[in-house]
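Read through the structure below, which is laid out as structure tokens, and then see the notes.
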Amino acid sequence: MVFTLILTVVIVSISESSRLVLFLGRFHPLILHLPIGALILTLFIDIVGRINNNYPKQTVQYALGFSAFFAVLACYLGYFLSFEGGYDKDTLDTHLWLGVVSAILIIGLFLFSKVEHKKASRLFFPAFIITFIVISFAGHYGSVLTHGSDFLTQYAKVPQKAKVIKNIDSLDIYKDVVHKILDGKCIQCHNPTKRKGELALNSSENILKGGENGAVIEKGNASNSLIYTSLFLPISDKKHMPPEGKPQLTKEEVRLVEYWINNQAHFNEKVANLPKNDTLNKMLAKYLVFEEIKIEEASISAINEAKEAGFSVLKLVPNQPELSVKFQKGEITDDGLKTLNNLNEQIIELDLSNTALTDNMISDLKEFKNLQKLSLNNTKITDKSLANFHNSKRLKVLNLYNTGITNKGLDAFLKHVVPEDIYIWETEVEKDFIAKLESEYKTNLHAGVADGFVEITKLESPTFLTDENLFVDSLTVKLVSKIKNVKTYYTIDGSEPDSTSLKYKDIIFLKNSAHLKLRGFKNGWLPSNIVEKGFFKIKYEVENYNLVNQPDARYPGGSKLFDLKQGGDSFKDGSWAGFTGDNIDVTIDMETIKEIDKISVNCLENTVNWIFFPKKVTVYSSTNKNTGFKKIRELKINRKGKHGEGTIIKSYTVDIPKTKTQFIRVVVENYKALPKWHEGAGKDAWLFVDEILIH
């Protein structure tokens, strides 16, 4: 068998390749994994059998026979594949003969496994290890042929720090632009190790050398350069590059390659010395390299402070420190704005629009050096406020719609910061002055709806005047909109409202649970964002109850557990009852025997403030107030994560279908001692609940 394999290699080496041979060669990557996988499984079976003194000799023989057959087949197919050409001869020969040696060793293992002699048995395992080592080297050289010489070690090296290039004119047209395009789409198949068509594109020398069809570039004439024209062949054409199935060059990348060749294909020339226009500048701007910004993660306490002040704080990218912050609740205040100073490094997007923001408020803010998008539209600011953002050098979008900004203020600001887009509709900036600023500072000033401003002229959403969302019999819901002549449409089933939905007039009267969604509409404006709120009808209102442990004096009021008023995101808003170290143990008197289906407990968690969800909720039932209570259901709560996600509110429901009873005892178990990872480890946790509901 070994002799046959060697003889075949010799015979094929002197024969000419055919299309059938090339077709079969393409199966080499598929087949070569079969003997490797089977061999790994065989080694595992061999080791387990030796450990358990129950050696499966026949299974090992079958597996090695399978491996040997497909190892030989992989050698045939690999050799056929080599006829495609374009490979470095030394690397190809090394891979080929290591593959042959690997097949021979696997065949040897198969023959070893049939020998009964003890000496052969002792040599079997070391031979197995040697085989694996040879296969590993063969695989390495195979990866070099396919992916290049640094494929294995590419990510083991410390990456070189990219050279900072902030200006388009400083770009080297070949090194900083064209080479990056070729490296991403072409060099994998055209490098010193794998020269498809005898062409390597990894260096200026190899590009000028050309391939089997001669030169690939004609300086000054892209339409007569093979490296360019091959991009436009039908993708099914064998000469189309990159080949079908590989990532293709984008239109911009094709345009830049054409631009490079038509401008004499320089290998050491700055863009500053080449002709260009605005379209090319936009393409080239993508190859600029800016200094890498390292931003530390914001503290949970700083994020929670901003949230409690009325800001929404969202991650721009999961598990990354960059933040998007928007004011959403109540009236903006000086103290509330100051909470952002602890996040000034992390804030990338800041939205203070549609607020009573003034110049004096902004003056308390620190520098936001990483800010990229700033929305100050529909506020009371003037030119004075812009001076506070003179160090926001990375600012790209600035929205000043409907503010008191003037020619003088905007001109002074642009001397320090030049965003890509500035929205100045309904400001004091004069139309005649806009062209001057755009020409001088190379920025885009949008001064009207037709000028790309539609996206940011969205209506402010209607708001709920009704705070309650729990009721026993019925509930009247009222809405308000800050802008006149807004038509509000709503749905009660959770579906998305549009202008054909129910129209709000004076009130919304609810007799059953409903999931209200609202949206405002007005001619000349984009529809508002959808706002939503759930309203829940409760089966029984609790009036008689006995609470074993009263809430802590700092968050008092056992009656809050049954007042049908749900708390907000802040545990300090007066709607939450707080218990430190104690369980909530309450017995409820329904006055008569009634049928109930569920008990819900609404809880708040904020681990930074030592507030944790309960460990479990247990429900007991009895027909006697003092005795005979039996446990009817228990809900265990497994909170996830260490530090939580700021303030979280959850309702935990215990299902007790068709339970007839008069007295219900509900025990909400406190988390007790804070966990080891917490800064207050071992001390009492807080338990905050605003409602216990009977359905």
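Letters A, B, ... go to the chains of the structure tokens in the order shown; residues in each chain start at 1; ligands are counted from 1 in the same order.
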
For region 379-382 of chain A: contacts at 12 Å, only C-alpha atoms, fewer than 3 positions along chain excluded, given as a PDB file with C-alpha atoms, in the first residue's frame:
ATOM      1  CA  ILE A 332     -34.501  70.036  34.015  1.00  0.00           C
ATOM      2  CA  ASP A 351     -29.743  65.278  24.053  1.00  0.00           C
ATOM      3  CA  LEU A 352     -31.021  68.248  26.112  1.00  0.00           C
ATOM      4  CA  SER A 353     -33.693  69.215  23.570  1.00  0.00           C
ATOM      5  CA  ASN A 354     -37.262  70.297  24.389  1.00  0.00           C
ATOM      6  CA  THR A 355     -36.323  71.471  27.889  1.00  0.00           C
ATOM      7  CA  ALA A 356     -36.185  74.758  29.789  1.00  0.00           C
ATOM      8  CA  LEU A 357     -32.386  74.751  29.441  1.00  0.00           C
ATOM      9  CA  THR A 358     -30.688  78.148  29.912  1.00  0.00           C
ATOM     10  CA  ASP A 359     -27.194  79.583  29.520  1.00  0.00           C
ATOM     11  CA  ASN A 360     -26.708  79.655  33.288  1.00  0.00           C
ATOM     12  CA  MET A 361     -27.454  75.933  33.577  1.00  0.00           C
ATOM     13  CA  ILE A 362     -24.966  74.969  30.879  1.00  0.00           C
ATOM     14  CA  SER A 363     -22.216  77.022  32.516  1.00  0.00           C
ATOM     15  CA  SER A 375     -28.942  68.271  20.619  1.00  0.00           C
ATOM     16  CA  LEU A 376     -29.876  71.672  22.110  1.00  0.00           C
ATOM     17  CA  SER A 385     -23.892  78.452  25.800  1.00  0.00           C
ATOM     18  CA  LEU A 386     -21.818  77.423  22.785  1.00  0.00           C
ATOM     19  CA  ALA A 387     -18.627  78.605  24.483  1.00  0.00           C
ATOM     20  CA  ASN A 388     -18.976  75.767  26.972  1.00  0.00           C
ATOM     21  CA  ASN A 399     -28.697  70.637  16.578  1.00  0.00           C
ATOM     22  CA  LEU A 400     -29.513  74.289  17.383  1.00  0.00           C
ATOM     23  CA  TYR A 401     -33.025  74.394  15.903  1.00  0.00           C
ATOM     24  CA  ASN A 402     -35.328  77.005  17.503  1.00  0.00           C
ATOM     25  CA  THR A 403     -32.706  78.582  19.799  1.00  0.00           C
ATOM     26  CA  GLY A 404     -31.306  82.099  20.221  1.00  0.00           C
ATOM     27  CA  ILE A 405     -28.047  81.455  18.305  1.00  0.00           C
ATOM     28  CA  THR A 406     -26.849  84.355  16.088  1.00  0.00           C
ATOM     29  CA  ASN A 407     -24.311  84.916  13.280  1.00  0.00           C
ATOM     30  CA  LYS A 408     -21.700  86.116  15.758  1.00  0.00           C
ATOM     31  CA  GLY A 409     -22.120  83.209  18.168  1.00  0.00           C
ATOM     32  CA  LEU A 410     -21.970  80.490  15.508  1.00  0.00           C
ATOM     33  CA  PHE A 413     -17.941  78.624  17.890  1.00  0.00           C
ATOM     34  CA  GLU A 426     -35.533  78.993  13.185  1.00  0.00           C
ATOM     35  CA  THR A 427     -32.450  80.604  14.759  1.00  0.00           C
ATOM     36  CA  GLU A 428     -31.072  84.152  14.409  1.00  0.00           C
ATOM     37  CA  VAL A 429     -28.465  83.009  11.865  1.00  0.00           C
TER      38      VAL A 429
END

Practice task
Assign secondary structure with DSSP using the backbone only, and return the residues of region 225-467 of chain A in alpha helix (DSSP H) as a ChimeraX atom specification.
Solution key: /A:226-229,251-262,278-285,300-308,334-338,359-362,383-386,407-414,431-441

Produce a table with one row for each residue of region 549-608 of chain A that has an atom at most 10 Å from any atom of region 654-675 of chain A, each row naming the nearest atom pair and its distance in Å at one decimal; use only C-alpha atoms; arrange rows by chain and rising residue number; format as a Markdown table.
| residue | atom | partner | partner_atom | distance |
| --- | --- | --- | --- | --- |
| A:Phe579 | CA | A:Asn670 | CA | 8.1 |
| A:Thr580 | CA | A:Asn670 | CA | 8.1 |
| A:Gly581 | CA | A:Lys672 | CA | 5.2 |
| A:Asp582 | CA | A:Asn670 | CA | 6.0 |
| A:Asn583 | CA | A:Glu669 | CA | 4.8 |
| A:Ile584 | CA | A:Val668 | CA | 5.0 |
| A:Asp585 | CA | A:Val667 | CA | 4.5 |
| A:Val586 | CA | A:Val666 | CA | 5.5 |
| A:Thr587 | CA | A:Arg665 | CA | 4.2 |
| A:Ile588 | CA | A:Ile664 | CA | 5.1 |
| A:Asp589 | CA | A:Phe663 | CA | 4.9 |
| A:Met590 | CA | A:Gln662 | CA | 4.9 |
| A:Glu591 | CA | A:Gln662 | CA | 6.2 |
| A:Thr592 | CA | A:Gln662 | CA | 5.4 |
| A:Ile593 | CA | A:Gln662 | CA | 4.3 |
| A:Lys594 | CA | A:Lys660 | CA | 5.3 |
| A:Glu595 | CA | A:Lys660 | CA | 4.3 |
| A:Ile596 | CA | A:Thr659 | CA | 5.3 |
| A:Asp597 | CA | A:Pro657 | CA | 4.1 |
| A:Lys598 | CA | A:Asp655 | CA | 4.7 |
| A:Ile599 | CA | A:Val654 | CA | 5.2 |
| A:Ser600 | CA | A:Val654 | CA | 6.3 |
| A:Val601 | CA | A:Val668 | CA | 8.2 |
| A:Cys603 | CA | A:Val668 | CA | 10.0 |
| A:Thr607 | CA | A:Leu674 | CA | 9.5 |

Exercise for the section: Name the residues in contact with His28 (chain A) at a cut-off of 10 Å, using only C-alpha atoms, excluding same-chain residues fewer than 6 positions from it; report them as a PyMOL selection string. Expected result: chain A and resi 73-81

Exercise for the section: Work out how far CA of Phe124 (chain A) is from CA of Leu43 (chain A), in Å to one decimal. Expected result: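 We find that CA of Leu43 (chain A) and CA of Phe124 (chain A) lie 10.8 Å from each other.
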
Exercise for the section: May I have the residues within 10 Å of region 336-340 of chain A as JSON, numbers by chain, using only C-alpha atoms and disregarding those fewer than 6 positions away in the same chain? Expected result: {"A": [302, 303, 304, 305, 306, 307, 308, 309, 310, 311, 325, 327, 346, 347, 350, 352, 357, 361, 362, 363, 364, 365, 366, 368]}

Requested write-out: N, CA and C atoms of the selected residues, as a PDB file, in the first residue's frame:
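The result, written out as again.pdb:
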ATOM      1  N   ALA A 302     -22.621  56.765  39.400  1.00  0.00           N
ATOM      2  CA  ALA A 302     -22.741  57.969  38.565  1.00  0.00           C
ATOM      3  C   ALA A 302     -23.899  57.833  37.577  1.00  0.00           C
ATOM      4  N   ILE A 303     -24.045  56.652  36.995  1.00  0.00           N
ATOM      5  CA  ILE A 303     -25.155  56.410  36.057  1.00  0.00           C
ATOM      6  C   ILE A 303     -26.489  56.509  36.782  1.00  0.00           C
ATOM      7  N   ASN A 304     -26.574  55.915  37.976  1.00  0.00           N
ATOM      8  CA  ASN A 304     -27.826  55.946  38.731  1.00  0.00           C
ATOM      9  C   ASN A 304     -28.196  57.368  39.161  1.00  0.00           C
ATOM     10  N   GLU A 305     -27.199  58.176  39.507  1.00  0.00           N
ATOM     11  CA  GLU A 305     -27.469  59.574  39.879  1.00  0.00           C
ATOM     12  C   GLU A 305     -28.091  60.327  38.704  1.00  0.00           C
ATOM     13  N   ALA A 306     -27.544  60.099  37.500  1.00  0.00           N
ATOM     14  CA  ALA A 306     -28.089  60.761  36.309  1.00  0.00           C
ATOM     15  C   ALA A 306     -29.512  60.281  36.023  1.00  0.00           C
ATOM     16  N   LYS A 307     -29.762  58.994  36.198  1.00  0.00           N
ATOM     17  CA  LYS A 307     -31.106  58.461  35.958  1.00  0.00           C
ATOM     18  C   LYS A 307     -32.111  59.049  36.943  1.00  0.00           C
ATOM     19  N   GLU A 308     -31.711  59.163  38.201  1.00  0.00           N
ATOM     20  CA  GLU A 308     -32.613  59.717  39.210  1.00  0.00           C
ATOM     21  C   GLU A 308     -32.886  61.201  38.969  1.00  0.00           C
ATOM     22  N   ALA A 309     -31.982  61.859  38.251  1.00  0.00           N
ATOM     23  CA  ALA A 309     -32.178  63.275  37.920  1.00  0.00           C
ATOM     24  C   ALA A 309     -33.052  63.458  36.681  1.00  0.00           C
ATOM     25  N   GLY A 310     -33.504  62.353  36.076  1.00  0.00           N
ATOM     26  CA  GLY A 310     -34.411  62.432  34.938  1.00  0.00           C
ATOM     27  C   GLY A 310     -33.810  62.099  33.590  1.00  0.00           C
ATOM     28  N   PHE A 311     -32.564  61.638  33.556  1.00  0.00           N
ATOM     29  CA  PHE A 311     -31.904  61.308  32.293  1.00  0.00           C
ATOM     30  C   PHE A 311     -32.026  59.823  31.985  1.00  0.00           C
ATOM     31  N   VAL A 325     -27.024  59.911  26.293  1.00  0.00           N
ATOM     32  CA  VAL A 325     -27.781  60.454  27.424  1.00  0.00           C
ATOM     33  C   VAL A 325     -28.825  61.437  26.906  1.00  0.00           C
ATOM     34  N   PHE A 327     -32.362  63.834  28.349  1.00  0.00           N
ATOM     35  CA  PHE A 327     -33.248  64.224  29.444  1.00  0.00           C
ATOM     36  C   PHE A 327     -34.682  63.888  29.054  1.00  0.00           C
ATOM     37  N   GLN A 346     -17.555  59.700  29.263  1.00  0.00           N
ATOM     38  CA  GLN A 346     -18.233  58.595  28.583  1.00  0.00           C
ATOM     39  C   GLN A 346     -19.336  59.049  27.632  1.00  0.00           C
ATOM     40  N   ILE A 347     -19.851  60.269  27.803  1.00  0.00           N
ATOM     41  CA  ILE A 347     -20.991  60.707  26.990  1.00  0.00           C
ATOM     42  C   ILE A 347     -20.539  61.021  25.566  1.00  0.00           C
ATOM     43  N   LEU A 350     -25.440  63.533  23.549  1.00  0.00           N
ATOM     44  CA  LEU A 350     -26.132  64.239  24.626  1.00  0.00           C
ATOM     45  C   LEU A 350     -27.320  64.991  24.038  1.00  0.00           C
ATOM     46  N   LEU A 352     -30.367  67.379  25.128  1.00  0.00           N
ATOM     47  CA  LEU A 352     -31.021  68.248  26.112  1.00  0.00           C
ATOM     48  C   LEU A 352     -32.171  69.020  25.460  1.00  0.00           C
ATOM     49  N   LEU A 357     -33.824  74.543  29.280  1.00  0.00           N
ATOM     50  CA  LEU A 357     -32.386  74.751  29.441  1.00  0.00           C
ATOM     51  C   LEU A 357     -32.013  76.215  29.188  1.00  0.00           C
ATOM     52  N   MET A 361     -27.517  77.371  33.259  1.00  0.00           N
ATOM     53  CA  MET A 361     -27.454  75.933  33.577  1.00  0.00           C
ATOM     54  C   MET A 361     -26.250  75.291  32.903  1.00  0.00           C
ATOM     55  N   ILE A 362     -26.056  75.585  31.639  1.00  0.00           N
ATOM     56  CA  ILE A 362     -24.966  74.969  30.879  1.00  0.00           C
ATOM     57  C   ILE A 362     -23.606  75.376  31.430  1.00  0.00           C
ATOM     58  N   SER A 363     -23.509  76.546  32.022  1.00  0.00           N
ATOM     59  CA  SER A 363     -22.216  77.022  32.516  1.00  0.00           C
ATOM     60  C   SER A 363     -21.647  76.136  33.616  1.00  0.00           C
ATOM     61  N   ASP A 364     -22.480  75.318  34.246  1.00  0.00           N
ATOM     62  CA  ASP A 364     -22.010  74.427  35.308  1.00  0.00           C
ATOM     63  C   ASP A 364     -21.454  73.109  34.771  1.00  0.00           C
ATOM     64  N   LEU A 365     -21.618  72.865  33.476  1.00  0.00           N
ATOM     65  CA  LEU A 365     -21.142  71.607  32.909  1.00  0.00           C
ATOM     66  C   LEU A 365     -19.646  71.641  32.666  1.00  0.00           C
ATOM     67  N   LYS A 366     -19.001  70.470  32.868  1.00  0.00           N
ATOM     68  CA  LYS A 366     -17.573  70.353  32.579  1.00  0.00           C
ATOM     69  C   LYS A 366     -17.368  70.104  31.092  1.00  0.00           C
ATOM     70  N   PHE A 368     -16.904  68.180  27.709  1.00  0.00           N
ATOM     71  CA  PHE A 368     -17.306  66.891  27.153  1.00  0.00           C
ATOM     72  C   PHE A 368     -16.411  66.632  25.938  1.00  0.00           C
TER      73      PHE A 368
END

Practice task
Can you pull out every residue within 6 Å of region 474-484 of chain A, counting only C-alpha atoms, but drop anything in the same chain fewer than 2 positions away, and send it as number ranges by chain?
Solution key: A: 462-466, 486, 507-511

Atoms to include: N, CA and C atoms. Write the selected residues as a PDB file, in the first residue's frame.
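Below is the file that was written, again-v8.pdb:
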ATOM      1  N   PRO A 462     -47.115  62.973  23.515  1.00  0.00           N
ATOM      2  CA  PRO A 462     -48.096  63.308  24.557  1.00  0.00           C
ATOM      3  C   PRO A 462     -47.693  62.633  25.869  1.00  0.00           C
ATOM      4  N   THR A 463     -48.189  63.182  26.979  1.00  0.00           N
ATOM      5  CA  THR A 463     -47.870  62.596  28.283  1.00  0.00           C
ATOM      6  C   THR A 463     -49.155  62.294  29.046  1.00  0.00           C
ATOM      7  N   PHE A 464     -49.044  61.355  29.996  1.00  0.00           N
ATOM      8  CA  PHE A 464     -50.178  60.964  30.831  1.00  0.00           C
ATOM      9  C   PHE A 464     -50.298  61.926  32.012  1.00  0.00           C
ATOM     10  N   LEU A 465     -51.495  62.502  32.225  1.00  0.00           N
ATOM     11  CA  LEU A 465     -51.757  63.287  33.423  1.00  0.00           C
ATOM     12  C   LEU A 465     -52.176  62.380  34.582  1.00  0.00           C
ATOM     13  N   THR A 466     -52.656  61.187  34.248  1.00  0.00           N
ATOM     14  CA  THR A 466     -53.127  60.237  35.256  1.00  0.00           C
ATOM     15  C   THR A 466     -51.960  59.422  35.774  1.00  0.00           C
ATOM     16  N   VAL A 486     -52.276  69.445  18.372  1.00  0.00           N
ATOM     17  CA  VAL A 486     -51.776  68.088  18.134  1.00  0.00           C
ATOM     18  C   VAL A 486     -52.935  67.103  18.259  1.00  0.00           C
ATOM     19  N   ILE A 507     -61.118  62.434  27.563  1.00  0.00           N
ATOM     20  CA  ILE A 507     -60.683  61.401  28.507  1.00  0.00           C
ATOM     21  C   ILE A 507     -60.661  60.053  27.796  1.00  0.00           C
ATOM     22  N   ILE A 508     -60.001  59.094  28.442  1.00  0.00           N
ATOM     23  CA  ILE A 508     -60.100  57.683  28.049  1.00  0.00           C
ATOM     24  C   ILE A 508     -60.668  56.957  29.263  1.00  0.00           C
ATOM     25  N   PHE A 509     -61.836  56.346  29.089  1.00  0.00           N
ATOM     26  CA  PHE A 509     -62.511  55.686  30.209  1.00  0.00           C
ATOM     27  C   PHE A 509     -62.247  54.179  30.138  1.00  0.00           C
ATOM     28  N   LEU A 510     -61.631  53.640  31.193  1.00  0.00           N
ATOM     29  CA  LEU A 510     -61.274  52.222  31.228  1.00  0.00           C
ATOM     30  C   LEU A 510     -62.124  51.473  32.245  1.00  0.00           C
ATOM     31  N   LYS A 511     -62.676  50.347  31.825  1.00  0.00           N
ATOM     32  CA  LYS A 511     -63.389  49.457  32.751  1.00  0.00           C
ATOM     33  C   LYS A 511     -62.683  48.115  32.880  1.00  0.00           C
TER      34      LYS A 511
END

Practice task
Just the residues within 9 Å of Ile649 (chain A), please, counting only C-alpha atoms, with nothing from its chain fewer than 5 positions along; format it as number ranges by chain.
Solution key: A: 568-569, 602-605

Put those residues in a file: N, CA and C atoms, as a PDB file, in the first residue's frame.
ATOM      1  N   GLY A 568     -42.235  54.931  41.122  1.00  0.00           N
ATOM      2  CA  GLY A 568     -41.437  55.181  39.927  1.00  0.00           C
ATOM      3  C   GLY A 568     -40.051  54.588  40.048  1.00  0.00           C
ATOM      4  N   ASP A 569     -39.127  55.096  39.190  1.00  0.00           N
ATOM      5  CA  ASP A 569     -37.772  54.552  39.154  1.00  0.00           C
ATOM      6  C   ASP A 569     -36.949  54.919  40.385  1.00  0.00           C
ATOM      7  N   ASN A 602     -44.928  43.810  43.713  1.00  0.00           N
ATOM      8  CA  ASN A 602     -44.139  44.705  42.861  1.00  0.00           C
ATOM      9  C   ASN A 602     -42.895  45.171  43.628  1.00  0.00           C
ATOM     10  N   CYS A 603     -41.699  44.849  43.110  1.00  0.00           N
ATOM     11  CA  CYS A 603     -40.445  45.077  43.842  1.00  0.00           C
ATOM     12  C   CYS A 603     -39.486  45.955  43.040  1.00  0.00           C
ATOM     13  N   LEU A 604     -38.566  46.590  43.764  1.00  0.00           N
ATOM     14  CA  LEU A 604     -37.530  47.426  43.150  1.00  0.00           C
ATOM     15  C   LEU A 604     -36.160  46.929  43.580  1.00  0.00           C
ATOM     16  N   GLU A 605     -35.182  46.968  42.635  1.00  0.00           N
ATOM     17  CA  GLU A 605     -33.803  46.611  42.970  1.00  0.00           C
ATOM     18  C   GLU A 605     -32.868  47.723  42.514  1.00  0.00           C
TER      19      GLU A 605
END

Practice task
Show which residues sit within 10 Å of region 136-140 of chain A, as a VMD selection string. Count only C-alpha atoms, and ignore same-chain residues fewer than 5 positions away.
Solution key: chain A and resid 32 36 94 to 102 130 to 131 145 to 146 149 151 to 152

Exercise for the section: Report the residues of region 273-516 of chain A whose backbone DSSP state falls under strand (DSSP E or B), written as number ranges by chain. Expected result: A: 289, 311-315, 323-327, 347-351, 373-375, 382, 397-399, 404, 406, 421-423, 428, 444-446, 458, 463-464, 470-471, 475-477, 479-480, 487-491, 493, 502-503, 508-510, 514-516

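One finds CA of Glu460 (chain A) at 9.7 Å from CA of Phe521 (chain A).
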
Exercise for the section: Using only C-alpha atoms, pick whichever of A:Leu445, A:Thr491, A:Leu564, A:Ile31 has the shortest atom-to-atom distance to Asp467 (chain A). Expected result: A:Leu564
